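Undergrad: TSV, C-alpha atoms (C1' of nucleotides), file structure-v6.tsv:
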chain	number	residue	atom	x	y	z
A	1353	MET	CA	191.81	158.62	72.78
A	1354	GLU	CA	191.01	157.95	69.15
A	1355	LEU	CA	188.24	159.94	67.51
A	1356	ASP	CA	186.21	156.83	66.83
A	1357	GLU	CA	186.49	155.62	70.37
A	1358	ALA	CA	185.57	159.04	71.67
A	1359	LYS	CA	182.56	159.20	69.35
A	1360	GLU	CA	181.47	155.80	70.44
A	1361	LYS	CA	181.68	156.72	74.10
A	1362	PHE	CA	179.88	159.93	73.53
A	1363	ILE	CA	177.07	158.23	71.63
A	1364	GLN	CA	176.68	155.67	74.37
A	1365	ALA	CA	176.56	158.32	77.07
A	1366	TRP	CA	174.04	160.41	75.23
A	1367	GLY	CA	171.93	157.34	74.60
A	1368	ALA	CA	171.94	156.49	78.29
A	1369	LEU	CA	170.97	160.02	79.27
A	1370	GLY	CA	168.19	160.02	76.71
A	1371	SER	CA	166.75	156.79	77.96
A	1372	HIS	CA	166.55	158.24	81.47
A	1373	TRP	CA	164.60	161.14	80.10
A	1374	GLY	CA	161.92	159.39	78.17
A	1375	ILE	CA	163.67	159.59	74.82
A	1376	ASN	CA	164.42	156.18	73.53
A	1377	ARG	CA	168.01	155.14	73.52
A	1378	THR	CA	168.40	154.70	69.81
A	1379	MET	CA	166.79	158.03	69.10
A	1380	ALA	CA	169.26	159.72	71.41
A	1381	GLN	CA	172.12	157.82	69.80
A	1382	VAL	CA	171.10	158.84	66.33
A	1383	HIS	CA	170.93	162.38	67.57
A	1384	ALA	CA	174.37	162.11	69.11
A	1385	LEU	CA	175.80	160.71	65.91
A	1386	LEU	CA	174.38	163.52	63.81
A	1387	LEU	CA	175.50	166.04	66.37
A	1388	VAL	CA	179.14	165.12	66.05
A	1389	SER	CA	179.10	164.73	62.28
A	1390	PRO	CA	180.23	167.83	60.45
A	1391	GLN	CA	178.25	166.93	57.35
A	1392	ALA	CA	174.81	165.54	56.78
A	1393	LEU	CA	174.49	161.76	56.87
A	1394	SER	CA	172.27	159.47	54.85
A	1395	ALA	CA	169.97	156.93	56.43
A	1396	GLU	CA	172.45	154.33	55.29
A	1397	ASP	CA	175.31	156.03	57.12
A	1398	VAL	CA	173.28	156.02	60.29
A	1399	MET	CA	172.38	152.36	59.85
A	1400	ASN	CA	175.98	151.40	59.34
A	1401	GLN	CA	177.53	153.46	62.05
A	1402	LEU	CA	175.03	152.49	64.72
A	1403	LYS	CA	174.46	148.98	63.37
A	1404	ILE	CA	170.70	149.28	63.34
A	1405	SER	CA	168.18	148.19	60.77
A	1406	ARG	CA	166.82	150.32	58.00
A	1407	GLY	CA	163.39	150.46	59.61
A	1408	ASN	CA	164.76	151.46	62.95
A	1409	ALA	CA	166.93	154.18	61.46
A	1410	ASN	CA	163.99	155.50	59.53
A	1411	MET	CA	161.69	155.56	62.54
A	1412	ASN	CA	164.10	157.35	64.78
A	1413	LEU	CA	165.16	159.86	62.16
A	1414	ARG	CA	161.56	160.73	61.64
A	1415	ALA	CA	160.96	161.03	65.35
A	1416	LEU	CA	163.91	163.41	65.60
A	1417	ILE	CA	162.51	165.49	62.76
A	1418	ASP	CA	159.22	165.45	64.60
A	1419	TRP	CA	160.87	166.83	67.70
A	1420	GLY	CA	162.49	169.50	65.57
A	1421	LEU	CA	166.01	168.34	66.38
A	1422	VAL	CA	167.04	167.14	62.96
A	1423	ASN	CA	166.46	168.38	59.43
A	1424	LYS	CA	166.29	166.65	56.12
A	1425	GLU	CA	168.64	167.93	53.50
A	1426	HIS	CA	168.36	167.44	49.78
A	1427	LYS	CA	171.65	167.23	47.99
A	1428	SER	CA	171.25	168.03	44.34
A	1429	GLY	CA	172.27	165.19	42.12
A	1430	GLU	CA	171.56	162.75	44.95
A	1431	ARG	CA	168.43	160.76	45.38
A	1432	LYS	CA	169.03	159.92	49.00
A	1433	ASP	CA	167.80	162.05	51.83
A	1434	PHE	CA	170.45	163.41	54.12
A	1435	PHE	CA	170.02	164.34	57.73
A	1436	ILE	CA	171.70	166.97	59.80
A	1437	ALA	CA	171.26	167.82	63.47
A	1438	GLU	CA	170.52	171.24	64.82
A	1439	LYS	CA	173.90	172.18	66.28
A	1440	ASP	CA	172.84	175.11	68.42
A	1441	ILE	CA	172.43	173.36	71.66
A	1442	TRP	CA	170.21	176.06	73.13
A	1443	LEU	CA	167.77	175.49	70.35
A	1444	VAL	CA	167.90	171.79	71.03
A	1445	ALA	CA	167.10	172.38	74.68
A	1446	LYS	CA	164.28	174.66	73.67
A	1447	GLN	CA	162.75	172.14	71.31
A	1448	VAL	CA	162.95	169.34	73.81
A	1449	THR	CA	161.37	171.49	76.49
A	1450	LEU	CA	158.59	172.50	74.16
A	1451	GLU	CA	157.79	168.95	73.18
A	1452	ARG	CA	157.80	167.56	76.68
A	1453	ARG	CA	155.64	170.35	77.95
A	1454	LYS	CA	153.12	169.60	75.26
A	1455	ARG	CA	153.25	165.85	75.62
A	1456	GLU	CA	153.46	165.37	79.35
A	1457	LEU	CA	152.72	168.40	81.44
A	1458	ARG	CA	149.56	169.34	79.63
A	1459	PRO	CA	147.73	166.04	80.02
A	1460	VAL	CA	148.51	165.98	83.72
A	1461	MET	CA	147.23	169.49	84.21
A	1462	LYS	CA	144.02	168.50	82.54
A	1463	VAL	CA	143.50	165.56	84.87
A	1464	LEU	CA	144.32	167.62	87.94
A	1465	ALA	CA	141.73	170.21	87.01
A	1466	GLU	CA	139.14	167.53	86.38
A	1467	VAL	CA	139.76	165.55	89.47
A	1468	LYS	CA	139.53	168.49	91.81
A	1469	ASN	CA	135.76	168.54	91.38
A	1470	VAL	CA	135.27	165.59	93.65
A	1471	GLU	CA	131.87	165.21	95.28
A	1472	GLY	CA	131.46	164.76	98.98
A	1473	ASP	CA	131.74	166.34	102.37
A	1474	SER	CA	134.70	168.67	102.46
A	1475	LYS	CA	135.01	167.84	106.16
A	1476	ASP	CA	135.72	164.22	105.38
A	1477	PRO	CA	139.47	163.93	105.99
A	1478	ASN	CA	139.82	161.74	102.94
A	1479	VAL	CA	138.23	164.29	100.68
A	1480	LYS	CA	140.13	167.06	102.39
A	1481	ALA	CA	143.53	165.41	102.01
A	1482	PHE	CA	142.76	164.56	98.44
A	1483	VAL	CA	141.72	168.03	97.39
A	1484	GLU	CA	144.62	169.59	99.23
A	1485	SER	CA	147.15	167.34	97.58
A	1486	VAL	CA	145.69	167.88	94.18
A	1487	GLU	CA	145.70	171.63	94.64
A	1488	ASN	CA	149.28	171.62	95.77
A	1489	LEU	CA	150.31	169.60	92.79
A	1490	GLU	CA	148.32	171.78	90.48
A	1491	GLY	CA	150.22	174.72	91.87
A	1492	ILE	CA	153.63	173.31	91.27
A	1493	VAL	CA	152.84	171.77	87.92
A	1494	SER	CA	151.35	174.95	86.56
A	1495	LYS	CA	154.29	176.92	87.86
A	1496	ALA	CA	156.66	174.52	86.19
A	1497	ASP	CA	154.67	174.89	83.03
A	1498	LYS	CA	154.78	178.66	83.13
A	1499	PHE	CA	158.43	178.58	83.94
A	1500	LEU	CA	159.14	176.42	80.96
A	1501	GLU	CA	157.01	178.61	78.79
A	1502	VAL	CA	159.24	181.50	79.67
A	1503	VAL	CA	162.37	179.49	79.02
A	1504	VAL	CA	161.04	178.53	75.65
A	1505	GLU	CA	159.79	181.90	74.59
A	1506	SER	CA	162.66	184.01	75.70
A	1507	GLU	CA	165.90	184.31	73.87
A	1508	GLN	CA	167.72	181.38	75.36
A	1509	LYS	CA	171.01	183.02	75.88
A	1510	TRP	CA	169.60	186.07	77.51
A	1511	PHE	CA	167.48	183.94	79.74
A	1512	PHE	CA	170.20	181.66	80.91
A	1513	ASN	CA	172.72	184.40	81.29
A	1514	THR	CA	170.32	186.32	83.49
A	1515	LEU	CA	169.56	183.27	85.49
A	1516	MET	CA	173.17	182.36	85.90
A	1517	LYS	CA	174.10	185.84	87.01
A	1518	LEU	CA	171.37	185.70	89.58
A	1519	PHE	CA	172.12	182.35	90.99
A	1520	VAL	CA	175.53	181.05	90.16
A	1521	LYS	CA	178.51	182.66	91.69
B	815	MET	CA	132.90	162.75	90.51
B	816	GLU	CA	133.18	160.25	93.34
B	817	LEU	CA	136.23	160.37	95.57
B	818	ASP	CA	137.29	156.90	94.57
B	819	GLU	CA	136.99	157.62	90.90
B	820	ALA	CA	138.91	160.85	91.35
B	821	LYS	CA	141.65	159.07	93.27
B	822	GLU	CA	141.87	156.41	90.63
B	823	LYS	CA	142.22	158.97	87.87
B	824	PHE	CA	144.78	160.90	89.79
B	825	ILE	CA	146.84	157.82	90.49
B	826	GLN	CA	146.74	156.83	86.84
B	827	ALA	CA	147.80	160.28	85.71
B	828	TRP	CA	150.64	160.50	88.17
B	829	GLY	CA	151.78	157.05	87.14
B	830	ALA	CA	151.84	158.05	83.50
B	831	LEU	CA	153.81	161.19	84.24
B	832	GLY	CA	156.29	159.21	86.30
B	833	SER	CA	156.86	156.70	83.57
B	834	HIS	CA	157.72	159.48	81.15
B	835	TRP	CA	160.32	160.68	83.58
B	836	GLY	CA	162.19	157.52	84.26
B	837	ILE	CA	160.34	156.70	87.46
B	838	ASN	CA	158.56	153.45	87.08
B	839	ARG	CA	154.83	153.59	86.83
B	840	THR	CA	154.05	151.60	89.93
B	841	MET	CA	156.44	153.61	92.04
B	842	ALA	CA	154.71	156.79	90.92
B	843	GLN	CA	151.32	155.24	91.62
B	844	VAL	CA	152.30	154.18	95.10
B	845	HIS	CA	153.52	157.69	95.68
B	846	ALA	CA	150.27	159.13	94.37
B	847	LEU	CA	148.25	156.87	96.61
B	848	LEU	CA	150.19	157.84	99.72
B	849	LEU	CA	150.01	161.46	98.72
B	850	VAL	CA	146.23	161.55	98.78
B	851	SER	CA	145.86	159.45	101.89
B	852	PRO	CA	145.45	161.49	105.06
B	853	GLN	CA	146.82	158.73	107.26
B	854	ALA	CA	149.74	156.36	106.90
B	855	LEU	CA	149.01	153.15	105.01
B	856	SER	CA	150.36	149.67	105.57
B	857	ALA	CA	152.01	147.63	102.84
B	858	GLU	CA	148.81	145.62	102.77
B	859	ASP	CA	146.70	148.70	102.11
B	860	VAL	CA	148.92	149.61	99.21
B	861	MET	CA	148.76	146.09	97.81
B	862	ASN	CA	145.00	146.04	97.99
B	863	GLN	CA	144.30	149.45	96.67
B	864	LEU	CA	146.66	149.22	93.73
B	865	LYS	CA	146.18	145.50	93.18
B	866	ILE	CA	149.84	144.69	93.18
B	867	SER	CA	151.75	141.87	94.79
B	868	ARG	CA	153.38	141.96	98.17
B	869	GLY	CA	156.84	141.89	96.66
B	870	ASN	CA	156.09	144.67	94.28
B	871	ALA	CA	154.63	146.85	96.99
B	872	ASN	CA	157.63	146.25	99.16
B	873	MET	CA	160.11	147.06	96.42
B	874	ASN	CA	158.48	150.28	95.42
B	875	LEU	CA	157.90	151.47	98.95
B	876	ARG	CA	161.56	150.96	99.63
B	877	ALA	CA	162.53	152.78	96.46
B	878	LEU	CA	160.36	155.71	97.52
B	879	ILE	CA	162.01	155.76	100.93
B	880	ASP	CA	165.32	155.65	99.12
B	881	TRP	CA	164.37	158.71	97.13
B	882	GLY	CA	163.34	160.43	100.35
B	883	LEU	CA	159.73	160.80	99.27
B	884	VAL	CA	158.14	158.47	101.78
B	885	ASN	CA	158.73	157.68	105.43
B	886	LYS	CA	158.14	154.62	107.52
B	887	GLU	CA	156.04	155.08	110.57
B	888	HIS	CA	155.88	152.85	113.60
B	889	LYS	CA	152.53	152.72	115.26
B	890	SER	CA	152.83	151.57	118.82
B	891	GLY	CA	150.89	148.43	119.48
B	892	GLU	CA	151.12	147.53	115.79
B	893	ARG	CA	153.61	145.19	114.27
B	894	LYS	CA	153.09	146.39	110.76
B	895	ASP	CA	155.07	149.17	109.23
B	896	PHE	CA	153.10	152.13	107.99
B	897	PHE	CA	154.07	154.48	105.22
B	898	ILE	CA	153.35	158.12	104.72
B	899	ALA	CA	154.32	160.43	101.89
B	900	GLU	CA	156.07	163.72	102.25
B	901	LYS	CA	153.21	166.12	101.62
B	902	ASP	CA	155.20	169.28	101.07
B	903	ILE	CA	155.35	169.24	97.36
B	904	TRP	CA	158.35	171.59	97.19
B	905	LEU	CA	160.31	169.13	99.19
B	906	VAL	CA	159.25	166.37	96.86
B	907	ALA	CA	160.42	168.35	93.86
B	908	LYS	CA	163.69	169.01	95.64
B	909	GLN	CA	164.30	165.39	96.43
B	910	VAL	CA	163.53	164.26	92.91
B	911	THR	CA	165.82	166.89	91.46
B	912	LEU	CA	168.60	165.90	93.80
B	913	GLU	CA	168.33	162.23	92.92
B	914	ARG	CA	168.20	162.71	89.20
B	915	ARG	CA	171.12	165.06	89.26
B	916	LYS	CA	173.18	162.52	91.09
B	917	ARG	CA	172.09	159.56	89.03
B	918	GLU	CA	172.03	160.98	85.54
B	919	LEU	CA	173.67	164.31	85.04
B	920	ARG	CA	176.87	163.43	86.84
B	921	PRO	CA	177.80	160.37	84.81
B	922	VAL	CA	177.26	162.26	81.58
B	923	MET	CA	179.45	165.12	82.71
B	924	LYS	CA	182.17	162.65	83.46
B	925	VAL	CA	182.04	161.14	79.99
B	926	LEU	CA	181.98	164.53	78.34
B	927	ALA	CA	185.10	165.60	80.16
B	928	GLU	CA	186.84	162.35	79.27
B	929	VAL	CA	185.90	162.30	75.66
B	930	LYS	CA	187.05	165.82	74.95
B	931	ASN	CA	190.65	164.66	75.02
B	932	VAL	CA	190.47	163.13	71.61
B	933	GLU	CA	193.70	162.69	69.72
B	934	GLY	CA	194.19	163.95	66.21
B	935	ASP	CA	194.57	166.94	63.99
B	936	SER	CA	192.35	169.72	65.25
B	937	LYS	CA	192.06	170.90	61.65
B	938	ASP	CA	190.33	167.67	60.67
B	939	PRO	CA	186.70	168.71	60.33
B	940	ASN	CA	185.57	165.52	62.00
B	941	VAL	CA	187.67	166.17	65.05
B	942	LYS	CA	186.70	169.81	65.02
B	943	ALA	CA	182.97	169.15	64.83
B	944	PHE	CA	183.26	166.54	67.51
B	945	VAL	CA	185.15	168.66	69.99
B	946	GLU	CA	182.89	171.62	69.36
B	947	SER	CA	179.75	169.61	69.93
B	948	VAL	CA	181.12	168.07	73.06
B	949	GLU	CA	182.15	171.43	74.43
B	950	ASN	CA	178.76	172.90	73.70
B	951	LEU	CA	177.06	170.09	75.45
B	952	GLU	CA	179.41	170.30	78.35
B	953	GLY	CA	178.47	173.93	78.66
B	954	ILE	CA	174.77	173.37	78.78
B	955	VAL	CA	174.89	170.27	80.93
B	956	SER	CA	177.07	171.90	83.52
B	957	LYS	CA	174.87	174.97	83.53
B	958	ALA	CA	171.83	172.79	84.00
B	959	ASP	CA	173.62	171.07	86.83
B	960	LYS	CA	174.54	174.31	88.53
B	961	PHE	CA	171.06	175.60	88.04
B	962	LEU	CA	169.59	172.55	89.69
B	963	GLU	CA	172.10	172.79	92.47
B	964	VAL	CA	170.80	176.24	93.22
B	965	VAL	CA	167.21	175.12	93.08
B	966	VAL	CA	167.99	172.35	95.47
B	967	GLU	CA	170.03	174.33	97.90
B	968	SER	CA	167.92	177.40	98.15
B	969	GLU	CA	164.76	177.63	100.10
B	970	GLN	CA	162.32	176.39	97.53
B	971	LYS	CA	159.60	178.87	98.13
B	972	TRP	CA	161.86	181.85	98.07
B	973	PHE	CA	163.52	180.60	94.96
B	974	PHE	CA	160.40	179.97	93.01
B	975	ASN	CA	158.70	183.11	94.16
B	976	THR	CA	161.67	185.13	93.00
B	977	LEU	CA	161.71	183.33	89.74
B	978	MET	CA	158.04	183.73	89.22
B	979	LYS	CA	158.15	187.42	89.96
B	980	LEU	CA	160.90	187.80	87.42
B	981	PHE	CA	159.34	185.83	84.67
B	982	VAL	CA	155.65	185.36	85.06
B	983	LYS	CA	153.38	188.31	84.63
C	1306	DC	C1'	156.16	153.85	31.39
C	1307	DA	C1'	159.33	150.62	33.11
C	1308	DA	C1'	163.31	150.28	35.75
C	1309	DT	C1'	165.67	151.77	39.55
C	1310	DA	C1'	166.70	153.95	43.95
C	1311	DC	C1'	165.26	154.96	47.93
C	1312	DT	C1'	161.68	155.35	51.86
C	1313	DT	C1'	158.04	153.79	54.75
C	1314	DT	C1'	155.25	150.49	57.09
C	1315	DC	C1'	154.16	146.86	60.15
C	1316	DA	C1'	153.67	142.06	61.83
C	1317	DA	C1'	156.80	139.15	63.95
C	1318	DT	C1'	160.63	138.72	66.91
C	1319	DC	C1'	163.74	139.98	70.34
C	1320	DA	C1'	165.30	142.49	74.60
C	1321	DT	C1'	164.45	144.77	78.67
C	1322	DT	C1'	161.93	145.91	82.55
C	1323	DT	C1'	158.32	144.82	85.87
C	1324	DT	C1'	155.75	141.91	88.49
C	1325	DT	C1'	154.66	137.91	90.89
C	1326	DG	C1'	154.57	134.76	94.74
C	1327	DA	C1'	156.62	131.13	97.18
C	1328	DA	C1'	160.57	130.58	100.09
C	1329	DT	C1'	163.18	132.73	103.45
C	1330	DC	C1'	164.22	135.78	106.93
C	1331	DT	C1'	163.40	138.82	111.04
C	1332	DC	C1'	162.02	140.17	115.24
C	1333	DA	C1'	158.54	141.14	118.98
C	1334	DC	C1'	156.34	138.69	122.13
C	1335	DA	C1'	154.89	134.79	125.16
D	329	DT	C1'	163.84	130.11	122.90
D	330	DG	C1'	159.76	129.03	119.98
D	331	DT	C1'	155.99	130.94	117.48
D	332	DG	C1'	154.01	133.58	114.13
D	333	DA	C1'	152.98	138.08	111.93
D	334	DG	C1'	154.93	140.53	108.91
D	335	DA	C1'	159.04	141.92	105.77
D	336	DT	C1'	162.25	140.76	102.28
D	337	DT	C1'	164.33	138.35	98.49
D	338	DC	C1'	164.77	136.58	94.03
D	339	DA	C1'	164.09	133.32	90.20
D	340	DA	C1'	160.67	132.72	87.00
D	341	DA	C1'	156.79	134.64	84.33
D	342	DA	C1'	154.45	138.40	82.27
D	343	DA	C1'	154.23	142.76	80.26
D	344	DT	C1'	156.06	146.27	77.79
D	345	DG	C1'	158.94	148.42	74.56
D	346	DA	C1'	162.34	148.26	70.79
D	347	DT	C1'	164.06	146.24	66.57
D	348	DT	C1'	164.08	143.78	62.45
D	349	DG	C1'	163.42	142.95	57.67
D	350	DA	C1'	160.66	141.83	54.02
D	351	DA	C1'	156.95	143.74	51.45
D	352	DA	C1'	154.59	147.76	49.82
D	353	DG	C1'	154.93	152.46	48.57
D	354	DT	C1'	156.83	156.65	46.19
D	355	DA	C1'	159.56	159.32	43.52
D	356	DT	C1'	163.12	160.00	39.89
D	357	DT	C1'	165.31	158.88	35.65
D	358	DG	C1'	166.20	157.45	31.06
Starting from the coordinates I provided, produce the structure as structure tokens.

TA:
Amino acid sequence: MELDEAKEKFIQAWGALGSHWGINRTMAQVHALLLVSPQALSAEDVMNQLKISRGNANMNLRALIDWGLVNKEHKSGERKDFFIAEKDIWLVAKQVTLERRKRELRPVMKVLAEVKNVEGDSKDPNVKAFVESVENLEGIVSKADKFLEVVVESEQKWFFNTLMKLFVK
Amino acid sequence: MELDEAKEKFIQAWGALGSHWGINRTMAQVHALLLVSPQALSAEDVMNQLKISRGNANMNLRALIDWGLVNKEHKSGERKDFFIAEKDIWLVAKQVTLERRKRELRPVMKVLAEVKNVEGDSKDPNVKAFVESVENLEGIVSKADKFLEVVVESEQKWFFNTLMKLFVK
DNA sequence: CAATACTTTCAATCATTTTTGAATCTCACA
DNA sequence: TGTGAGATTCAAAAATGATTGAAAGTATTG
């Protein structure tokens, strides 16, 4: 397989995975492109290689910077901004985890806590089923949150190595 | 808070979470509704309570059954089908994990393996960066996959308890 | 400070995904 | 085997989300 073909395939695959995980496809593709580029790319490079508009490139590059997955680089003598992806994939995983926890898990936990204070007869099977379900969910969501907190705050390699030793033959 | 208001909020929140995770909003809402209902509901109940069309209700109920999160129930003397959600939230987590692994992780692993066989001078920094990135990703994706496999195949409670003891003070 | 090079914004457009609902099918029962 | 309650399908419509590109903004240079 040619390098370009391989890159193309890889970018497509990463884009598809991203879109299943709430990251928009183009953002994941831009990330993939930067990931496999040894040197920093300009916005123009990204536009050309992915055939997307200037505005789109800009938006997604900024989103990636926002997620902490990509950094701007200033090349002296150049006016353009250049962009380079964080190549340490553990760090990438960490950043993504951190962001999603903040953006998705937290709001749900808030609602669960709120909603548990429902009025009414606790003998009423409707109320009972409701409160029970909510409490169960609260349990698992907060455990997931704590778990992710640990993943994020520990040294990634140590953490995963430990985990893998424990669970993967 | 009134029960109905609480239910409504809960359903909305669960729907939003779902949509961030590649499960469509209505499917997540249907699931939420069944989750907090003590008895099985008919398709009609779901339609009415969520204000969705017959076709939509049908589609999403079937998708939920497909994911193993909801079961059909036959009430004797009734022609209608009734639907009830799996209430054990660990089982739900397990089923979701299983599905996503199958649907998303696997295809990516396949592409990664394929794409690694790129032709060309391994001294070429482009080829080098590419292969390195792909190998890194392969590493983490396959570890994630194995990790999830373990989660799925172990007794959930044991697994999480162990994990929690290890990592959560 | 004017010209230039580049970046950012955002309303309009385009693409994709969901939803609807009427038509069709199915199957238990008379 | 005919009827009808309910389930399913699917093409069209609606909603949502992504993309464009031209205009406005900002910084750098001579």

Undergrad: In Å, how much C-alpha RMSD is there between chain A and chain B after the fit, with all atoms paired in order?

TA: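 Here the RMSD amounts to 0.1 Å.
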
Undergrad: Would you pick out the contacts of C:DG1326 at 9 Å or less, using all atoms listed in the file, so that residues sharing its chain but fewer than 6 positions from it are not included, and give the list as a ChimeraX atom specification?

TA: /B:867-869

Undergrad: Next, the residues of the selection above should be written as a PDB file, keeping the file's coordinate frame with C-alpha atoms.

TA:
ATOM      1  CA  SER B 867     151.750 141.870  94.790  1.00  0.00           C
ATOM      2  CA  ARG B 868     153.380 141.960  98.170  1.00  0.00           C
ATOM      3  CA  GLY B 869     156.840 141.890  96.660  1.00  0.00           C
TER       4      GLY B 869
END

Undergrad: Please, which residues are within 12 Å of (154.0, 156.9, 79.7) by the file's coordinates, counting all atoms listed in the file, and could they come as a count of residues only?

TA: 27

Undergrad: Can you work out which residues from chain C touch chain A at a cut-off of 9 Å (counting all atoms listed in the file) and hand them back as a ChimeraX atom specification?

TA: /C:1310-1314

Undergrad: Show me, as a list in words, the residues that have an atom within 7 Å of stretch 816-819 of chain B when counting all atoms listed in the file, minus same-chain residues fewer than 5 positions from it.

TA: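 The neighbour list is Val1470, Glu1471 and Val1479 of chain A.
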
Undergrad: Counting only C-alpha atoms (C1' of nucleotides), collect the residues of chain D whose closest atom lies at most 12 Å from chain B, and write them out as a VMD selection string.

TA: chain D and resid 332 to 338 344

Undergrad: Leaving out A:Trp1419 and any residue of its chain fewer than 5 positions from it, which residues lie within 12 Å of it when counting all atoms listed in the file, given as a ChimeraX atom specification?

TA: /A:1375,1379-1380,1383,1412-1414,1437-1438,1443-1452,1454-1455

Undergrad: Name the closest residue to chain A among the candidates B:Asn870, B:Gly882, B:Gln843, B:Ile825; distances are taken between atoms, counting only C-alpha atoms.

TA: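 Ranked by minimum distance to chain A, first place goes to B:Ile825.
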
Undergrad: Nearest to chain B among A:Leu1387, A:Leu1500, A:Val1422, A:Ala1392, with distances taken over all atoms listed in the file: which residue is it?

TA: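 Among the listed residues, the smallest separation from chain B belongs to A:Leu1387.
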
Undergrad: With distances taken over only C-alpha atoms, which of B:Ser890, B:Ser956, B:Ser947, B:Ser936 is nearest to chain A?

TA: B:Ser947

Undergrad: Could you tell me which of B:Val850, B:Arg920, B:Asp959, B:Ala871 comes closest to chain A if we count all atoms listed in the file?

TA: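 Nearest to chain A: B:Val850.
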
Undergrad: With all atoms listed in the file as the basis for distance, which of B:Ile879, B:Leu951, B:Lys889, B:Asp859 is at the shortest distance from chain A?

TA: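 Of the candidates, the smallest distance to chain A is held by B:Leu951.
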
Undergrad: Where atoms are missing, can you supply N, CA and C atoms for stretch 1430-1442 of chain A and output the lot as a JSON list (two decimals), in the coordinates of the input?

TA:
[["chain", "number", "residue", "atom", "x", "y", "z"],
["A", 1430, "GLU", "N", 171.68, 163.95, 44.11],
["A", 1430, "GLU", "CA", 171.56, 162.75, 44.95],
["A", 1430, "GLU", "C", 170.09, 162.41, 45.11],
["A", 1431, "ARG", "N", 169.82, 161.14, 45.12],
["A", 1431, "ARG", "CA", 168.43, 160.76, 45.38],
["A", 1431, "ARG", "C", 168.17, 160.60, 46.87],
["A", 1432, "LYS", "N", 169.19, 160.15, 47.56],
["A", 1432, "LYS", "CA", 169.03, 159.92, 49.00],
["A", 1432, "LYS", "C", 168.63, 161.18, 49.76],
["A", 1433, "ASP", "N", 167.97, 160.96, 50.87],
["A", 1433, "ASP", "CA", 167.80, 162.05, 51.83],
["A", 1433, "ASP", "C", 169.01, 162.10, 52.73],
["A", 1434, "PHE", "N", 169.37, 163.29, 53.14],
["A", 1434, "PHE", "CA", 170.45, 163.41, 54.12],
["A", 1434, "PHE", "C", 169.90, 164.11, 55.36],
["A", 1435, "PHE", "N", 170.53, 163.83, 56.47],
["A", 1435, "PHE", "CA", 170.02, 164.34, 57.73],
["A", 1435, "PHE", "C", 171.10, 165.07, 58.48],
["A", 1436, "ILE", "N", 170.72, 166.19, 59.05],
["A", 1436, "ILE", "CA", 171.70, 166.97, 59.80],
["A", 1436, "ILE", "C", 171.05, 167.47, 61.09],
["A", 1437, "ALA", "N", 171.82, 167.43, 62.18],
["A", 1437, "ALA", "CA", 171.26, 167.82, 63.47],
["A", 1437, "ALA", "C", 171.38, 169.33, 63.67],
["A", 1438, "GLU", "N", 170.41, 169.86, 64.34],
["A", 1438, "GLU", "CA", 170.52, 171.24, 64.82],
["A", 1438, "GLU", "C", 171.71, 171.30, 65.77],
["A", 1439, "LYS", "N", 172.68, 172.18, 65.48],
["A", 1439, "LYS", "CA", 173.90, 172.18, 66.28],
["A", 1439, "LYS", "C", 173.85, 173.17, 67.43],
["A", 1440, "ASP", "N", 172.97, 174.14, 67.32],
["A", 1440, "ASP", "CA", 172.84, 175.11, 68.42],
["A", 1440, "ASP", "C", 172.11, 174.45, 69.58],
["A", 1441, "ILE", "N", 172.91, 174.21, 70.60],
["A", 1441, "ILE", "CA", 172.43, 173.36, 71.66],
["A", 1441, "ILE", "C", 171.32, 174.03, 72.48],
["A", 1442, "TRP", "N", 171.30, 175.35, 72.44],
["A", 1442, "TRP", "CA", 170.21, 176.06, 73.13],
["A", 1442, "TRP", "C", 168.89, 175.80, 72.44]]
